[in-house]
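Content type compact mmCIF, C-alpha atoms, from the file entry10.txt:
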# COMPACT_ATOMS: atom_id res chain seq x y z
CA MET B 1468 27.14 3.49 -0.32
CA THR B 1469 27.08 7.05 -1.66
CA THR B 1470 23.96 9.06 -0.92
CA ASN B 1471 25.35 12.41 -1.99
CA THR B 1472 24.07 13.51 -5.39
CA TYR B 1473 25.77 16.92 -5.28
CA ILE B 1474 28.65 17.62 -7.65
CA ALA B 1475 30.83 20.55 -6.62
CA GLY B 1476 31.05 23.29 -9.24
CA LYS B 1477 30.88 27.02 -9.92
CA GLY B 1478 28.56 27.47 -12.91
CA TRP B 1479 25.53 29.77 -13.00
CA LEU B 1480 23.29 26.85 -12.10
CA TYR B 1481 25.02 26.69 -8.72
CA ARG B 1482 24.33 30.38 -8.11
CA PHE B 1483 20.69 30.06 -9.17
CA ASP B 1484 18.31 30.20 -6.21
CA PRO B 1485 17.18 26.61 -5.34
CA ARG B 1486 13.53 27.72 -4.98
CA ALA B 1487 13.54 29.17 -8.50
CA LYS B 1488 15.54 26.16 -9.73
CA LEU B 1489 12.84 23.77 -8.48
CA LEU B 1490 10.20 25.84 -10.27
CA LEU B 1491 12.31 25.87 -13.44
CA MET B 1492 12.69 22.07 -13.23
CA LEU B 1493 8.93 21.56 -12.96
CA LEU B 1494 8.20 24.00 -15.79
CA MET B 1495 10.79 22.34 -18.04
CA CYS B 1496 9.25 18.92 -17.32
CA VAL B 1497 5.89 20.35 -18.43
CA TRP B 1498 7.54 21.95 -21.49
CA PHE B 1499 8.76 18.56 -22.74
CA PHE B 1500 5.10 17.50 -23.10
CA LEU B 1501 4.06 20.55 -25.16
CA PRO B 1502 3.06 19.94 -28.82
CA VAL B 1503 6.28 21.18 -30.47
CA THR B 1504 8.10 19.76 -33.49
CA LEU B 1505 10.68 17.00 -33.03
CA LEU B 1506 13.47 19.33 -34.17
CA HIS B 1507 12.58 21.95 -31.55
CA LEU B 1508 12.29 19.31 -28.84
CA ALA B 1509 15.66 17.81 -29.75
CA LEU B 1510 17.27 21.27 -29.89
CA VAL B 1511 15.97 22.22 -26.43
CA VAL B 1512 17.12 18.89 -24.97
CA ALA B 1513 20.55 19.39 -26.56
CA LEU B 1514 20.72 22.92 -25.17
CA VAL B 1515 19.74 21.74 -21.67
CA VAL B 1516 22.39 18.99 -21.80
CA LEU B 1517 24.98 21.50 -23.07
CA VAL B 1518 24.23 24.03 -20.32
CA GLY B 1519 24.12 21.30 -17.67
CA ALA B 1520 27.33 19.67 -18.85
CA HIS B 1521 29.04 23.08 -18.80
CA SER B 1522 28.17 23.33 -15.10
CA THR B 1523 28.56 19.75 -13.86
CA GLY B 1524 30.93 18.29 -16.45
CA TRP B 1525 30.52 15.96 -19.41
CA HIS B 1526 31.20 12.91 -17.28
CA HIS B 1527 28.04 13.56 -15.25
CA ALA B 1528 25.99 14.17 -18.42
CA TRP B 1529 27.28 10.93 -19.95
CA ARG B 1530 26.63 8.98 -16.74
CA THR B 1531 23.02 10.24 -16.62
CA VAL B 1532 22.33 9.20 -20.22
CA TYR B 1533 24.16 5.89 -19.71
CA SER B 1534 21.99 5.07 -16.67
CA ILE B 1535 18.82 5.31 -18.78
CA SER B 1536 20.32 3.62 -21.86
CA PRO B 1537 18.41 0.30 -21.35
CA MET B 1538 15.11 2.21 -21.49
CA LEU B 1539 16.27 4.15 -24.55
CA LEU B 1540 17.23 0.87 -26.23
CA PHE B 1541 13.76 -0.54 -25.52
CA MET B 1542 12.18 2.56 -27.06
CA ILE B 1543 14.23 2.47 -30.24
CA LEU B 1544 13.67 -1.31 -30.61
CA PHE B 1545 9.93 -1.45 -30.01
CA MET B 1546 8.42 1.91 -30.87
CA PRO B 1547 8.99 1.97 -34.66
CA PHE B 1548 7.30 -1.44 -35.03
CA ASN B 1549 4.19 -0.36 -33.14
CA VAL B 1550 3.26 2.50 -35.46
CA ARG B 1551 2.23 0.86 -38.73
CA GLU B 1552 0.51 3.75 -40.54
CA GLY B 1553 2.46 6.32 -42.51
CA VAL B 1554 5.26 6.61 -45.02
CA PRO B 1555 7.22 3.32 -45.12
CA LEU B 1556 10.97 3.68 -44.55
CA VAL B 1557 12.03 0.02 -44.36
CA SER B 1558 9.97 -2.74 -46.02
CA ILE B 1559 10.50 -6.45 -46.62
CA GLY B 1560 8.36 -7.32 -49.64
CA SER B 1561 4.87 -6.00 -48.91
CA PHE B 1562 5.51 -5.94 -45.14
CA THR B 1563 6.36 -2.51 -43.72
CA VAL B 1564 8.93 -2.79 -40.94
CA ILE B 1565 9.49 0.86 -40.03
CA THR B 1566 7.46 3.93 -40.94
CA LYS B 1567 8.56 7.56 -40.84
CA GLU B 1568 5.91 8.33 -38.20
CA GLY B 1569 7.03 5.39 -36.04
CA LEU B 1570 10.65 6.50 -36.12
CA GLU B 1571 9.64 10.08 -35.38
CA GLN B 1572 7.56 9.01 -32.38
CA ALA B 1573 10.44 6.90 -31.02
CA LEU B 1574 12.85 9.83 -31.35
CA ARG B 1575 10.34 12.20 -29.73
CA LEU B 1576 9.89 9.90 -26.73
CA MET B 1577 13.64 9.40 -26.41
CA SER B 1578 14.28 13.16 -26.47
CA ARG B 1579 11.55 13.76 -23.89
CA PHE B 1580 12.85 10.99 -21.65
CA ILE B 1581 16.45 12.28 -21.81
CA GLY B 1582 15.22 15.84 -21.18
CA ILE B 1583 13.12 15.00 -18.11
CA THR B 1584 15.80 12.73 -16.64
CA TYR B 1585 18.58 15.26 -17.15
CA VAL B 1586 16.61 18.24 -15.80
CA CYS B 1587 15.65 16.30 -12.64
CA THR B 1588 19.22 15.06 -12.17
CA LEU B 1589 20.64 18.57 -12.64
CA LEU B 1590 18.63 19.96 -9.73
CA PHE B 1591 20.14 17.45 -7.31
CA ALA B 1592 23.62 17.66 -8.85
CA THR B 1593 23.81 21.44 -8.42
CA THR B 1594 22.01 21.82 -5.06
CA VAL B 1595 23.19 20.44 -1.72
CA MET B 1596 20.63 18.23 0.00
CA HIS B 1597 19.96 20.51 3.01
CA GLU B 1598 19.17 23.35 0.59
CA VAL B 1599 16.74 21.06 -1.24
CA MET B 1600 15.06 20.43 2.12
CA LEU B 1601 14.99 24.17 2.93
CA THR B 1602 13.48 24.78 -0.50
CA LEU B 1603 10.76 22.21 0.11
CA ARG B 1604 10.04 23.78 3.50
CA TRP B 1605 9.82 27.18 1.80
CA TYR B 1606 7.13 25.60 -0.39
CA HIS B 1607 5.36 24.63 2.87
CA LEU B 1608 6.46 21.02 3.22
CA PRO B 1609 5.56 20.20 6.90
CA TYR B 1610 8.44 20.29 9.40
CA LYS B 1611 7.88 16.66 10.42
CA ALA B 1612 8.16 15.49 6.80
CA SER B 1613 11.44 17.33 6.25
CA LEU B 1614 12.75 15.98 9.58
CA VAL B 1615 11.90 12.41 8.50
CA VAL B 1616 13.81 12.84 5.22
CA THR B 1617 16.83 14.41 6.96
CA LEU B 1618 16.93 11.63 9.57
CA ALA B 1619 16.52 8.96 6.89
CA PHE B 1620 19.56 10.36 5.06
CA THR B 1621 21.50 10.25 8.33
CA TYR B 1622 20.58 6.62 8.94
CA ILE B 1623 21.09 5.24 5.41
CA PRO B 1624 24.91 4.91 5.69
CA PHE B 1625 24.61 3.34 9.17
CA ILE B 1626 22.09 0.71 8.03
CA ALA B 1627 23.99 0.06 4.78
CA ASP B 1628 27.25 -0.47 6.72
CA SER B 1629 25.55 -2.83 9.20
CA PHE B 1630 24.02 -4.73 6.31
CA SER B 1631 27.39 -5.12 4.54
CA GLN B 1632 29.12 -6.32 7.73
CA ILE B 1633 26.35 -8.82 8.54
CA SER B 1634 26.28 -10.02 4.94
CA GLU B 1635 30.09 -10.53 4.91
CA SER B 1636 30.09 -12.42 8.18
CA HIS B 1637 27.29 -14.72 6.96
CA ARG B 1638 29.17 -15.31 3.70
CA LEU B 1639 32.36 -16.27 5.55
CA ARG B 1640 30.48 -19.04 7.33
CA GLU B 1641 29.31 -20.63 4.10
CA ALA B 1642 31.40 -23.31 2.42
CA GLU B 1643 29.69 -23.25 -0.96
CA ASP B 1644 30.66 -20.74 -3.63
CA GLU B 1645 28.02 -17.98 -4.00
CA GLN B 1646 28.21 -18.03 -7.80
CA LYS B 1647 27.35 -21.76 -8.03
CA LYS B 1648 24.10 -21.41 -6.09
CA LYS B 1649 20.71 -21.16 -7.76
CA VAL B 1650 18.62 -17.99 -7.34
CA GLY B 1651 16.16 -19.77 -5.00
CA GLN B 1652 18.95 -20.92 -2.68
CA ARG B 1653 20.49 -17.44 -2.70
CA LEU B 1654 17.17 -15.92 -1.66
CA LYS B 1655 16.76 -18.50 1.10
CA ASP B 1656 20.26 -17.77 2.37
CA LEU B 1657 19.40 -14.07 2.50
CA VAL B 1658 16.77 -14.52 5.25
CA PRO B 1659 19.21 -14.65 8.24
CA THR B 1660 21.14 -11.66 6.85
CA LEU B 1661 17.99 -9.59 6.30
CA THR B 1662 16.64 -10.52 9.75
CA SER B 1663 19.87 -9.53 11.51
CA ALA B 1664 20.13 -6.26 9.56
CA LEU B 1665 16.51 -5.38 10.37
CA VAL B 1666 16.94 -6.11 14.07
CA VAL B 1667 20.01 -3.84 14.18
CA ALA B 1668 18.03 -1.07 12.44
CA LEU B 1669 14.94 -1.49 14.66
CA ARG B 1670 17.01 -1.33 17.83
CA SER B 1671 18.01 2.21 16.93
CA ILE B 1672 14.38 3.46 16.90
CA PRO B 1673 13.94 3.92 20.70
CA ASN B 1674 17.33 5.67 20.96
CA LEU B 1675 16.48 8.02 18.13
CA ALA B 1676 13.05 8.79 19.64
CA MET B 1677 14.72 9.54 22.98
CA SER B 1678 17.29 11.86 21.44
CA LEU B 1679 14.53 13.71 19.56
CA GLU B 1680 12.72 14.28 22.84
CA MET B 1681 15.93 15.43 24.53
CA ARG B 1682 16.43 17.98 21.75
CA GLY B 1683 12.96 19.38 22.35
CA PHE B 1684 10.98 17.76 19.53
CA GLY B 1685 7.25 18.42 19.99
CA ARG B 1686 7.67 21.71 21.86
CA GLN B 1687 5.91 24.80 20.59
CA GLU B 1688 9.00 26.88 19.76
CA ARG B 1689 10.92 25.87 16.65
CA ARG B 1690 14.45 24.48 16.74
CA THR B 1691 17.37 26.65 15.71
CA SER B 1692 18.49 26.01 12.16
CA TYR B 1693 22.04 26.85 11.12
CA HIS B 1694 21.24 26.59 7.45
CA SER B 1695 19.32 29.17 5.43
CA LEU B 1696 18.81 30.23 1.83
CA ASP B 1697 19.76 33.85 2.58
CA ALA B 1698 23.10 33.50 0.79
CA TYR B 1699 21.31 33.51 -2.57
CA HIS B 1700 20.83 36.95 -4.09
CA HIS B 1701 18.49 38.23 -6.82
CA VAL B 1702 15.72 35.82 -5.82
CA CYS B 1703 13.04 37.71 -7.76
CA THR B 1704 15.22 37.83 -10.89
CA ASN B 1705 15.82 34.10 -10.60
CA PHE B 1706 12.10 33.40 -10.27
CA LEU B 1707 11.46 35.62 -13.26
CA LEU B 1708 14.11 33.77 -15.26
CA ALA B 1709 12.63 30.41 -14.20
CA CYS B 1710 9.34 31.51 -15.79
CA ILE B 1711 10.85 33.27 -18.82
CA ILE B 1712 13.14 30.42 -19.97
CA PRO B 1713 10.36 27.86 -20.72
CA VAL B 1714 8.10 30.54 -22.22
CA ALA B 1715 10.97 31.75 -24.44
CA PHE B 1716 11.62 28.19 -25.62
CA TRP B 1717 7.93 27.79 -26.44
CA LEU B 1718 7.70 31.11 -28.29
CA ALA B 1719 10.87 30.27 -30.25
CA SER B 1720 9.39 26.92 -31.27
CA MET B 1721 6.23 28.74 -32.48
CA LEU B 1722 8.09 31.41 -34.44
CA PHE B 1723 10.90 29.45 -36.09
CA MET N 1217 2.81 12.05 26.46
CA GLN N 1218 1.59 13.02 23.00
CA GLY N 1219 5.03 14.53 22.30
CA ASN N 1220 6.69 11.21 23.26
CA ARG N 1221 4.43 9.31 20.90
CA ASN N 1222 5.12 11.80 18.09
CA ALA N 1223 8.88 11.50 18.58
CA LEU N 1224 8.57 7.71 18.42
CA LYS N 1225 6.50 7.93 15.22
CA VAL N 1226 9.03 10.25 13.55
CA ALA N 1227 11.95 8.04 14.65
CA MET N 1228 10.18 4.91 13.44
CA VAL N 1229 9.24 6.28 10.03
CA SER N 1230 12.74 7.75 9.53
CA VAL N 1231 14.54 4.48 10.29
CA LEU N 1232 12.05 2.43 8.23
CA THR N 1233 12.47 4.83 5.29
CA ALA N 1234 16.23 4.35 5.52
CA VAL N 1235 15.70 0.56 5.60
CA VAL N 1236 13.64 0.72 2.38
CA VAL N 1237 16.35 2.84 0.68
CA VAL N 1238 19.09 0.40 1.71
CA PHE N 1239 17.11 -2.67 0.63
CA THR N 1240 16.41 -1.00 -2.72
CA MET N 1241 19.95 0.14 -3.42
CA VAL N 1242 22.34 -2.26 -1.71
CA VAL N 1243 20.81 -5.69 -2.15
CA ARG N 1244 20.68 -6.81 -5.77
CA ILE N 1245 20.29 -10.39 -6.87
CA PRO N 1246 21.49 -11.08 -10.42
CA THR N 1247 18.98 -12.87 -12.66
CA ALA N 1248 19.06 -13.89 -16.33
CA ARG N 1249 17.37 -10.60 -17.38
CA GLY N 1250 19.02 -8.15 -15.02
CA TYR N 1251 18.69 -7.53 -11.28
CA LEU N 1252 16.07 -8.01 -8.61
CA ASN N 1253 16.10 -5.49 -5.78
CA LEU N 1254 14.60 -6.17 -2.40
CA CYS N 1255 12.49 -3.05 -1.84
CA ASP N 1256 9.33 -5.17 -1.76
CA VAL N 1257 10.81 -7.31 1.03
CA ALA N 1258 11.26 -4.21 3.18
CA ILE N 1259 7.82 -2.85 2.23
CA CYS N 1260 6.00 -6.12 3.00
CA PHE N 1261 7.97 -6.53 6.23
CA ILE N 1262 6.89 -3.02 7.33
CA ALA N 1263 3.30 -3.66 6.26
CA PHE N 1264 3.16 -6.94 8.25
CA THR N 1265 4.86 -5.52 11.31
CA PHE N 1266 4.13 -1.80 11.66
CA GLY N 1267 0.70 -1.11 10.20
CA PRO N 1268 -0.75 0.87 7.27
CA TRP N 1269 0.49 4.43 7.89
CA SER N 1270 4.11 3.49 8.58
CA ALA N 1271 4.01 1.24 5.51
CA PHE N 1272 2.54 3.95 3.29
CA ILE N 1273 5.01 6.68 4.28
CA ALA N 1274 8.15 4.56 4.59
CA ALA N 1275 7.49 2.61 1.37
CA GLY N 1276 6.61 5.66 -0.72
CA LEU N 1277 9.31 7.93 0.64
CA GLY N 1278 12.00 5.22 0.75
CA THR N 1279 11.62 4.11 -2.86
CA ALA N 1280 11.32 7.73 -4.06
CA LEU N 1281 14.54 8.67 -2.23
CA ALA N 1282 16.30 5.59 -3.65
CA ASP N 1283 15.27 6.71 -7.15
CA LEU N 1284 16.54 10.24 -6.51
CA ILE N 1285 19.88 9.01 -5.20
CA SER N 1286 20.35 6.48 -8.02
CA GLY N 1287 19.79 9.11 -10.71
CA TYR N 1288 16.29 8.04 -11.76
CA ALA N 1289 14.60 11.18 -10.43
CA GLN N 1290 11.80 11.06 -13.00
CA TRP N 1291 10.64 7.73 -11.51
CA ALA N 1292 10.50 9.10 -7.95
CA PRO N 1293 6.86 10.36 -8.02
CA ILE N 1294 5.69 7.11 -9.66
CA SER N 1295 7.59 4.98 -7.11
CA PHE N 1296 6.17 7.08 -4.29
CA VAL N 1297 2.59 6.45 -5.40
CA VAL N 1298 2.94 2.79 -6.46
CA HIS N 1299 4.98 1.52 -3.50
CA GLY N 1300 3.15 3.74 -1.01
CA VAL N 1301 -0.19 2.31 -2.12
CA GLU N 1302 1.33 -1.20 -2.16
CA GLY N 1303 2.43 -0.87 1.49
CA LEU N 1304 -0.87 0.68 2.56
CA LEU N 1305 -3.06 -1.98 0.89
CA VAL N 1306 -0.99 -4.96 2.07
CA ALA N 1307 -0.98 -3.59 5.64
CA LEU N 1308 -4.74 -2.97 5.60
CA ILE N 1309 -5.42 -6.53 4.42
CA VAL N 1310 -3.14 -8.26 6.93
CA GLN N 1311 -4.00 -5.92 9.82
CA LYS N 1312 -5.12 -7.95 12.86
CA LYS N 1313 -6.71 -7.27 16.22
CA GLY N 1314 -4.69 -8.31 19.28
CA ASP N 1315 -2.85 -11.63 19.06
CA ALA N 1316 -5.09 -13.14 16.38
CA THR N 1317 -3.22 -14.78 13.49
CA VAL N 1318 -3.70 -13.73 9.89
CA SER N 1319 -5.56 -16.37 7.86
CA VAL N 1320 -3.98 -17.97 4.77
CA GLY N 1321 -6.77 -16.53 2.61
CA ARG N 1322 -5.92 -12.97 3.65
CA LYS N 1323 -2.23 -13.59 3.02
CA VAL N 1324 -2.99 -14.89 -0.49
CA LEU N 1325 -5.21 -11.87 -1.13
CA ALA N 1326 -2.47 -9.54 0.15
CA ALA N 1327 0.07 -11.24 -2.16
CA PHE N 1328 -2.24 -10.83 -5.13
CA ILE N 1329 -2.89 -7.16 -4.33
CA CYS N 1330 0.84 -6.54 -3.81
CA ILE N 1331 1.78 -8.03 -7.20
CA ALA N 1332 -1.13 -6.35 -9.01
CA THR N 1333 -0.42 -2.92 -7.49
CA VAL N 1334 3.27 -2.95 -8.41
CA SER N 1335 2.98 -4.39 -11.92
CA LEU N 1336 -0.16 -2.53 -13.00
CA GLY N 1337 0.77 0.67 -11.17
CA TYR N 1338 4.16 0.93 -12.86
CA PHE N 1339 2.67 -0.10 -16.19
CA ALA N 1340 -0.12 2.50 -16.11
CA LEU N 1341 1.85 5.42 -14.70
CA SER N 1342 5.01 4.93 -16.76
CA ALA N 1343 2.95 4.43 -19.96
CA LEU N 1344 1.06 7.62 -19.15
CA PHE N 1345 3.90 9.91 -18.08
CA ILE N 1346 7.31 8.53 -19.05
CA SER N 1347 7.45 5.94 -21.81
CA THR N 1348 4.93 4.15 -24.02
CA VAL N 1349 2.52 1.23 -23.59
CA SER N 1350 4.85 -1.26 -25.33
CA VAL N 1351 7.93 -0.21 -23.35
CA ALA N 1352 5.98 -0.18 -20.07
CA ALA N 1353 4.50 -3.61 -20.89
CA ALA N 1354 8.00 -5.07 -21.27
CA GLU N 1355 8.65 -4.26 -17.60
CA ILE N 1356 5.63 -6.20 -16.29
CA PRO N 1357 7.23 -9.69 -15.96
CA GLY N 1358 10.18 -8.28 -14.01
CA ASN N 1359 7.90 -6.34 -11.68
CA ILE N 1360 5.70 -9.41 -11.07
CA ALA N 1361 8.76 -11.55 -10.21
CA GLN N 1362 10.21 -8.88 -7.93
CA SER N 1363 7.01 -8.23 -6.00
CA ALA N 1364 6.17 -11.95 -5.68
CA VAL N 1365 9.63 -12.75 -4.31
CA GLY N 1366 9.46 -9.61 -2.13
CA PHE N 1367 6.11 -10.61 -0.62
CA ALA N 1368 7.25 -14.17 0.18
CA LEU N 1369 10.54 -13.02 1.72
CA GLY N 1370 8.80 -10.18 3.59
CA LEU N 1371 6.43 -12.67 5.21
CA VAL N 1372 9.29 -14.97 6.30
CA VAL N 1373 11.48 -12.10 7.51
CA SER N 1374 8.60 -10.51 9.43
CA ALA N 1375 8.02 -13.72 11.42
CA ALA N 1376 11.76 -14.11 12.02
CA VAL N 1377 12.18 -10.52 13.26
CA LYS N 1378 9.21 -10.84 15.64
CA ARG N 1379 10.89 -13.93 17.16
CA ALA N 1380 14.34 -12.34 17.31
CA TYR N 1381 13.22 -8.92 18.62
CA PRO N 1382 9.85 -9.17 20.46
CA PRO N 1383 9.65 -5.40 21.40
CA VAL N 1384 8.92 -4.73 17.73
CA SER N 1385 5.26 -5.63 18.38
CA SER N 1386 4.85 -2.52 20.56
CA LEU N 1387 5.95 -0.20 17.75
CA THR N 1388 2.82 -0.64 15.61
CA TRP N 1389 1.23 2.62 14.44
Mind converting the file's structure to structure tokens?
Amino acid sequence: MTTNTYIAGKGWLYRFDPRAKLLLMLLMCVWFFLPVTLLHLALVVALVVLVGAHSTGWHHAWRTVYSISPMLLFMILFMPFNVREGVPLVSIGSFTVITKEGLEQALRLMSRFIGITYVCTLLFATTVMHEVMLTLRWYHLPYKASLVVTLAFTYIPFIADSFSQISESHRLREAEDEQKKKVGQRLKDLVPTLTSALVVALRSIPNLAMSLEMRGFGRQERRTSYHSLDAYHHVCTNFLLACIIPVAFWLASMLF
Amino acid sequence: MQGNRNALKVAMVSVLTAVVVVFTMVVRIPTARGYLNLCDVAICFIAFTFGPWSAFIAAGLGTALADLISGYAQWAPISFVVHGVEGLLVALIVQKKGDATVSVGRKVLAAFICIATVSLGYFALSALFISTVSVAAAEIPGNIAQSAVGFALGLVVSAAVKRAYPPVSSLTW
């Protein structure tokens, strides 16, 4: 099971300060909801995808859009039929199937959805996870909360591996082919596997608590951290850019 | 002593969060219309076994992290709210004092609240922030099936884990 969302690269997005990048992500998400024309929205989304793909590669951009394709399909199938008023584009006799407004609304929602998804994905594709955590701490996320997330990421592969091993060993004991079983039987057969996996996971709790105490968790002085965000330069410029980019997009959509 | 208890709480919530992520991402049961994931099994198990606060944090954080890792980052805040509230409400309803057993009526109410929270929560929040009413409505049957199956399995698994690993009862928060 892969829990790493980071894609190694060298583009300007990688050099952008993570704190400013998080702000830029939030501002861009807000921007996609501003009342701009469909053309401007589509152009900004295309530009974001272009810039992102230049940094992380086209394969990543394609994979992101592909992962949301079922939702996009739903939108294009249902939206045009819901909006009945407006200029008819496709009609069968007197019955209007698709209107111009319906199609426009579907395209607007699709563009917005692609934009938000891609912007959020880009942050995690161009920033390593411990820097995301440092960024959140810089924004005053409590230490305990960031510790919980870090520990959870450490334990996910361990629990996933245990689950796979337990699941395989249970499957080897069964004579019947998995594919021939009904969904109800499959769910029933899952109970022993889930129970065993949970017991393995729960047994690690006291050990983890003990190791946290041994490392001084709960003491007044903070633990030493080997990671920092000091390697990023021009922090103020990056923050300024994070604010200017969405404003520039908005002004451009007003003027042109 | 307080430090010990805090370390145990952090350890417990961390491991339970990881359990929710694994159940969401690894276990997928194919159905005619797609896949069912087992996040609700983990959430209901935690709610039955560990109490409201563990359920709220682990359920919300676990599903949000699973969304981030899977590339559905825009769903992460919605999952955090919906599943966090689901865990909290179910745990509050089935919370018991001492060794008393939970009545069937409370379990039925918890099941109803669990299904309603997931299906209506996703419907309302995704219609409001991500997609449209018609697209969000299309997801309701899948969410009802997933949360109903999750609640039933969570109940069974919770009883089985308490039998297989009795010290779990002392970890309630």
Spatial sel., origin (14.0, -11.4, 14.2), limit 12 Å, all atoms listed in the file, listed as a ChimeraX atom specification | /B:1658-1670 /N:1261,1265,1370-1385
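For the atom pair formed by atom CA of Trp1479 of chain B and atom CA of Val1518 of chain B, the distance is 9.4 Å, given to one decimal.
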Judged by only C-alpha atoms, the minimum distance to chain N among B:Arg1640, B:His1700, B:His1527, B:Arg1604 is found for B:His1527
Tell me the residues of chain B close to chain N, meaning within 7 Å using only C-alpha atoms, as a PyMOL selection string.
-> chain B and resi 1470+1472+1531+1541-1542+1545+1576+1580+1583-1584+1587-1588+1615-1616+1618-1620+1622-1623+1626-1627+1658+1662+1666+1668+1672-1673+1675-1676+1679-1680+1684-1685
Residue neighbourhood Phe1328 of chain N, 12 Å, all atoms listed in the file, exclusion window fewer than 4 positions, as a PyMOL selection string | chain N and resi 1302+1305-1306+1309+1321-1324+1332-1336+1360+1363-1364+1367-1368
Could you please determine the separation between atom CA of Phe1706 of chain B and atom CA of Ala1487 of chain B in Å, to one decimal place?
-> 4.8 Å
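For the set B:Glu1552, B:Tyr1473, B:Val1702, B:Ser1634, the residue with the smallest atom-to-atom gap to Leu1570 of chain B is B:Glu1552, counting all atoms listed in the file.
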Give me the residues within 10 Å of Ala1698 of chain B as a list in words, counting all atoms listed in the file and dropping any in the same chain fewer than 3 places off.
->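 My reading of the contact set: Arg1482, Asp1484, His1694 and Ser1695 of chain B.
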Per-axis box centre and lengths in Å around segment 1648-1667 of chain B, 6 Å margin per side, axis-aligned, as JSON:
{"center_x": 20.1, "center_y": -12.6, "center_z": 3.2, "size_x": 19.9, "size_y": 29.6, "size_z": 33.9}
Using all atoms listed in the file, pick whichever of B:Val1512, B:Leu1614, B:Leu1574, B:Met1596 has the shortest atom-to-atom distance to Phe1499 of chain B.
->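 Among the listed residues, B:Val1512 lies closest to Phe1499 of chain B.
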At what distance in Å, to one decimal, does atom CA of Ser1671 of chain B lie from atom CA of Thr1621 of chain B?
->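 The value is 12.3 Å.
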